[in-house]
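Enquirer: Below is a structure I'd like to ask you about.
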Amino acid sequence: MSEPSDALTIAAAGLRAQSARMRIIAENLANASSTAREPGGDPYRRQIPVFESELDRQTGLELVRMDRVSADQSEFNLRYEPGHPAANDEGYVRYPNVQTLIELMDMREAQRSYEANLNMVESSRAMMQRALELLRR
């Protein structure tokens with residue numbers, strides 16, 4: 001039978017994973033308009049968190065964790081700005097492959113997942129507290 005502490009362990013892993021995801025999304029948003037430092041160079045490349053399920057040998061539970069961060073290999077956005085310091089010989093500037101709307105939707109999804117895990121922590125804590133109250137009687 002599952003114990004309330006198991007639920008806390010699983011929810012805590014989920015909180016860590018979603019927190020890491022939100023950090024990466026925030027980094028993507030912060031760099032959405034950054035360009036290369038040299039003419040014709042590559043700008044910031046969107047980062048994607050990659051998660052995996054991992055067996056915690058100590059507890060025997062399957063926990064989620066961020067495995068790595070992968071670079072999005074989609075094309076950069078090109079804009080014709082011949083006066084820009086990062087413009088190539090043809091006058092085009094490469095902008096990051098970050099789409100703000102997608103990042104905001106991902107952030108909202110991560111936030112909701114974070115809140116769900118937080119609610120699980122609070123519910124488990126309340127159940128343990130109620131069990132202690134019953135044992136005192």
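Each chain in the structure tokens gets a letter, A, B, ..., in the order shown, and its residues are numbered from 1; ligands are numbered from 1 in order too.
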Near Pro82 (chain A), within 12 Å and counting only C-alpha atoms, which residues show up once chain neighbours fewer than 4 positions away are dropped, as a PyMOL selection string?
Expert: chain A and resi 39-40+78+86-94
Enquirer: Take the selection from the previous step and output its residues with N, CA, C and O atoms, as an mmCIF file, in the first residue's frame.
Expert:
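Saved to result.cif:
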```cif
data_model
loop_
_atom_site.group_PDB
_atom_site.id
_atom_site.type_symbol
_atom_site.label_atom_id
_atom_site.label_comp_id
_atom_site.auth_asym_id
_atom_site.auth_seq_id
_atom_site.Cartn_x
_atom_site.Cartn_y
_atom_site.Cartn_z
ATOM 1 N N PRO A 39 28.767 39.871 -37.107
ATOM 2 C CA PRO A 39 27.954 39.827 -38.326
ATOM 3 C C PRO A 39 27.852 38.402 -38.882
ATOM 4 O O PRO A 39 28.842 37.692 -38.984
ATOM 5 N N GLY A 40 26.615 37.999 -39.184
ATOM 6 C CA GLY A 40 26.379 36.688 -39.768
ATOM 7 C C GLY A 40 26.454 35.526 -38.794
ATOM 8 O O GLY A 40 26.303 34.376 -39.193
ATOM 9 N N LEU A 78 14.958 35.032 -39.970
ATOM 10 C CA LEU A 78 15.759 36.019 -40.695
ATOM 11 C C LEU A 78 14.960 37.300 -40.885
ATOM 12 O O LEU A 78 13.782 37.253 -41.235
ATOM 13 N N ALA A 86 24.736 42.950 -36.475
ATOM 14 C CA ALA A 86 24.849 41.504 -36.672
ATOM 15 C C ALA A 86 24.406 41.067 -38.071
ATOM 16 O O ALA A 86 24.317 39.877 -38.345
ATOM 17 N N ALA A 87 24.136 42.020 -38.965
ATOM 18 C CA ALA A 87 23.679 41.685 -40.319
ATOM 19 C C ALA A 87 24.795 40.997 -41.110
ATOM 20 O O ALA A 87 25.968 41.354 -40.991
ATOM 21 N N ASN A 88 24.391 40.015 -41.932
ATOM 22 C CA ASN A 88 25.379 39.346 -42.775
ATOM 23 C C ASN A 88 25.653 40.204 -44.021
ATOM 24 O O ASN A 88 25.145 41.324 -44.137
ATOM 25 N N ASP A 89 26.417 39.674 -44.968
ATOM 26 C CA ASP A 89 26.784 40.436 -46.172
ATOM 27 C C ASP A 89 25.574 40.834 -47.008
ATOM 28 O O ASP A 89 25.623 41.812 -47.747
ATOM 29 N N GLU A 90 24.484 40.086 -46.897
ATOM 30 C CA GLU A 90 23.278 40.380 -47.664
ATOM 31 C C GLU A 90 22.308 41.284 -46.908
ATOM 32 O O GLU A 90 21.237 41.618 -47.412
ATOM 33 N N GLY A 91 22.647 41.654 -45.672
ATOM 34 C CA GLY A 91 21.809 42.555 -44.879
ATOM 35 C C GLY A 91 20.807 41.853 -43.980
ATOM 36 O O GLY A 91 19.961 42.502 -43.366
ATOM 37 N N TYR A 92 20.887 40.537 -43.881
ATOM 38 C CA TYR A 92 19.943 39.789 -43.046
ATOM 39 C C TYR A 92 20.539 39.519 -41.668
ATOM 40 O O TYR A 92 21.716 39.202 -41.538
ATOM 41 N N VAL A 93 19.670 39.623 -40.670
ATOM 42 C CA VAL A 93 20.055 39.343 -39.285
ATOM 43 C C VAL A 93 19.331 38.074 -38.856
ATOM 44 O O VAL A 93 18.128 37.923 -39.081
ATOM 45 N N ARG A 94 20.059 37.170 -38.233
ATOM 46 C CA ARG A 94 19.462 35.950 -37.685
ATOM 47 C C ARG A 94 18.971 36.234 -36.273
ATOM 48 O O ARG A 94 19.719 36.725 -35.435
#
```
Enquirer: What residues in chain A get the DSSP label alpha helix (DSSP H)? Please answer as a PyMOL selection string.
Expert: chain A and resi 4-30+100-136
Enquirer: Hey, what does DSSP flag as strand (DSSP E) within region 41-124 of chain A? Can you give it to me as a PyMOL selection string?
Expert: chain A and resi 47-56+61-71+77-80+92-95
Enquirer: Could you jot down the CA of Met127 (chain A) to CA of Ala12 (chain A) separation for me, Å, one decimal place?
Expert: 16.4 Å
Enquirer: Determine the nearest neighbour of Ala26 (chain A) from the options A:Ala110, A:Met66, A:Ala71, A:Met120, counting only C-alpha atoms.
Expert: A:Ala110
Enquirer: Which is closer to Leu104 (chain A) than all the others in A:Ile25, A:Leu118, A:Val64, A:Ala36, using only C-alpha atoms?
Expert: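 Using only C-alpha atoms, the shortest distance to Leu104 (chain A) belongs to A:Ile25.
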Enquirer: Which one of A:Leu8, A:Leu29, A:Ala17, A:Leu134 sits closest to Glu103 (chain A) if you count only C-alpha atoms?
Expert: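 Selected residue with least distance to Glu103 (chain A): A:Leu29.
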Enquirer: For each of A:Asp106, A:Asp6, A:Glu27, A:Glu38, take the minimum atom-to-atom distance to Glu62 (chain A), counting only C-alpha atoms, then give the residue where this is smallest.
Expert: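 Of all the options, A:Asp6 lies closest to Glu62 (chain A).
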Enquirer: Which polymer residues have any atom within 7 Å of an atom of Tyr44 (chain A), counting only C-alpha atoms, with same-chain residues fewer than 2 positions away left out, as JSON, numbers by chain?
Expert: {"A": [31, 34, 35, 42, 46, 96]}
Enquirer: Would you compute the distance between CA of Ala32 (chain A) and CA of Val98 (chain A)? Give it in Å to one decimal.
Expert: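 For CA of Ala32 (chain A) relative to CA of Val98 (chain A), the distance reads 5.4 Å.
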Enquirer: Would you work out the distance separating CA of Arg65 (chain A) from CA of Met105 (chain A), expressed in Å to one decimal?
Expert: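 Pair CA of Arg65 (chain A) / CA of Met105 (chain A) returns 20.9 Å.
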Enquirer: I'd like the contact shell of Glu3 (chain A) - 12 Å cut-off, only C-alpha atoms, skipping same-chain residues fewer than 3 positions apart - returned as a ChimeraX atom specification.
Expert: /A:6-10,59,61,124-125,127-128,131
Enquirer: Looking at A:Glu122, A:Glu52, A:Glu133, A:Glu109, which one is nearest to Arg68 (chain A), with distances taken over only C-alpha atoms?
Expert: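 Closest to Arg68 (chain A), using only C-alpha atoms: A:Glu52.
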Enquirer: Using only C-alpha atoms, which residues sit within 7 Å of Asn117 (chain A) once same-chain residues fewer than 3 positions away are excluded, as a CSV table (one decimal) with all heavy atoms, in the first residue's frame?
Expert:
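Wrote it out as around19.csv, contents follow:
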```csv
chain,number,residue,atom,x,y,z
A,11,ALA,N,5.6,13.9,-5.6
A,11,ALA,CA,5.2,15.3,-5.8
A,11,ALA,C,6.4,16.2,-5.8
A,11,ALA,O,6.6,17.2,-6.6
A,11,ALA,CB,4.2,15.8,-4.8
A,14,GLY,N,8.2,16.0,-9.0
A,14,GLY,CA,7.5,16.8,-10.0
A,14,GLY,C,7.7,18.3,-9.8
A,14,GLY,O,7.8,19.0,-10.8
A,15,LEU,N,7.8,18.7,-8.6
A,15,LEU,CA,8.0,20.2,-8.4
A,15,LEU,C,9.4,20.5,-8.9
A,15,LEU,O,9.6,21.6,-9.5
A,15,LEU,CB,7.9,20.5,-6.9
A,15,LEU,CG,6.5,20.5,-6.2
A,15,LEU,CD1,6.6,20.6,-4.7
A,15,LEU,CD2,5.8,21.7,-6.8
A,113,SER,N,1.2,22.3,-13.9
A,113,SER,CA,1.8,21.0,-13.4
A,113,SER,C,2.4,21.3,-12.0
A,113,SER,O,2.3,20.4,-11.1
A,113,SER,CB,2.8,20.5,-14.4
A,113,SER,OG,2.2,20.1,-15.5
A,114,TYR,N,3.1,22.4,-11.9
A,114,TYR,CA,3.8,22.7,-10.6
A,114,TYR,C,2.7,22.9,-9.5
A,114,TYR,O,2.8,22.3,-8.4
A,114,TYR,CB,4.6,24.0,-10.8
A,114,TYR,CG,5.4,24.4,-9.5
A,114,TYR,CD1,6.7,24.0,-9.4
A,114,TYR,CD2,4.8,25.2,-8.5
A,114,TYR,CE1,7.5,24.3,-8.3
A,114,TYR,CE2,5.6,25.5,-7.4
A,114,TYR,CZ,6.9,25.0,-7.3
A,114,TYR,OH,7.7,25.4,-6.2
A,120,MET,N,-0.8,18.3,-4.3
A,120,MET,CA,-0.5,17.0,-3.8
A,120,MET,C,0.3,17.0,-2.5
A,120,MET,O,0.0,16.2,-1.5
A,120,MET,CB,0.2,16.1,-4.8
A,120,MET,CG,0.4,14.7,-4.4
A,120,MET,SD,-1.0,13.8,-3.9
A,120,MET,CE,-1.6,13.2,-5.4
A,121,VAL,N,1.3,17.8,-2.4
A,121,VAL,CA,2.1,18.0,-1.2
A,121,VAL,C,1.2,18.4,0.0
A,121,VAL,O,1.2,17.9,1.1
A,121,VAL,CB,3.2,19.0,-1.4
A,121,VAL,CG1,3.9,19.3,-0.1
A,121,VAL,CG2,4.3,18.4,-2.3
```
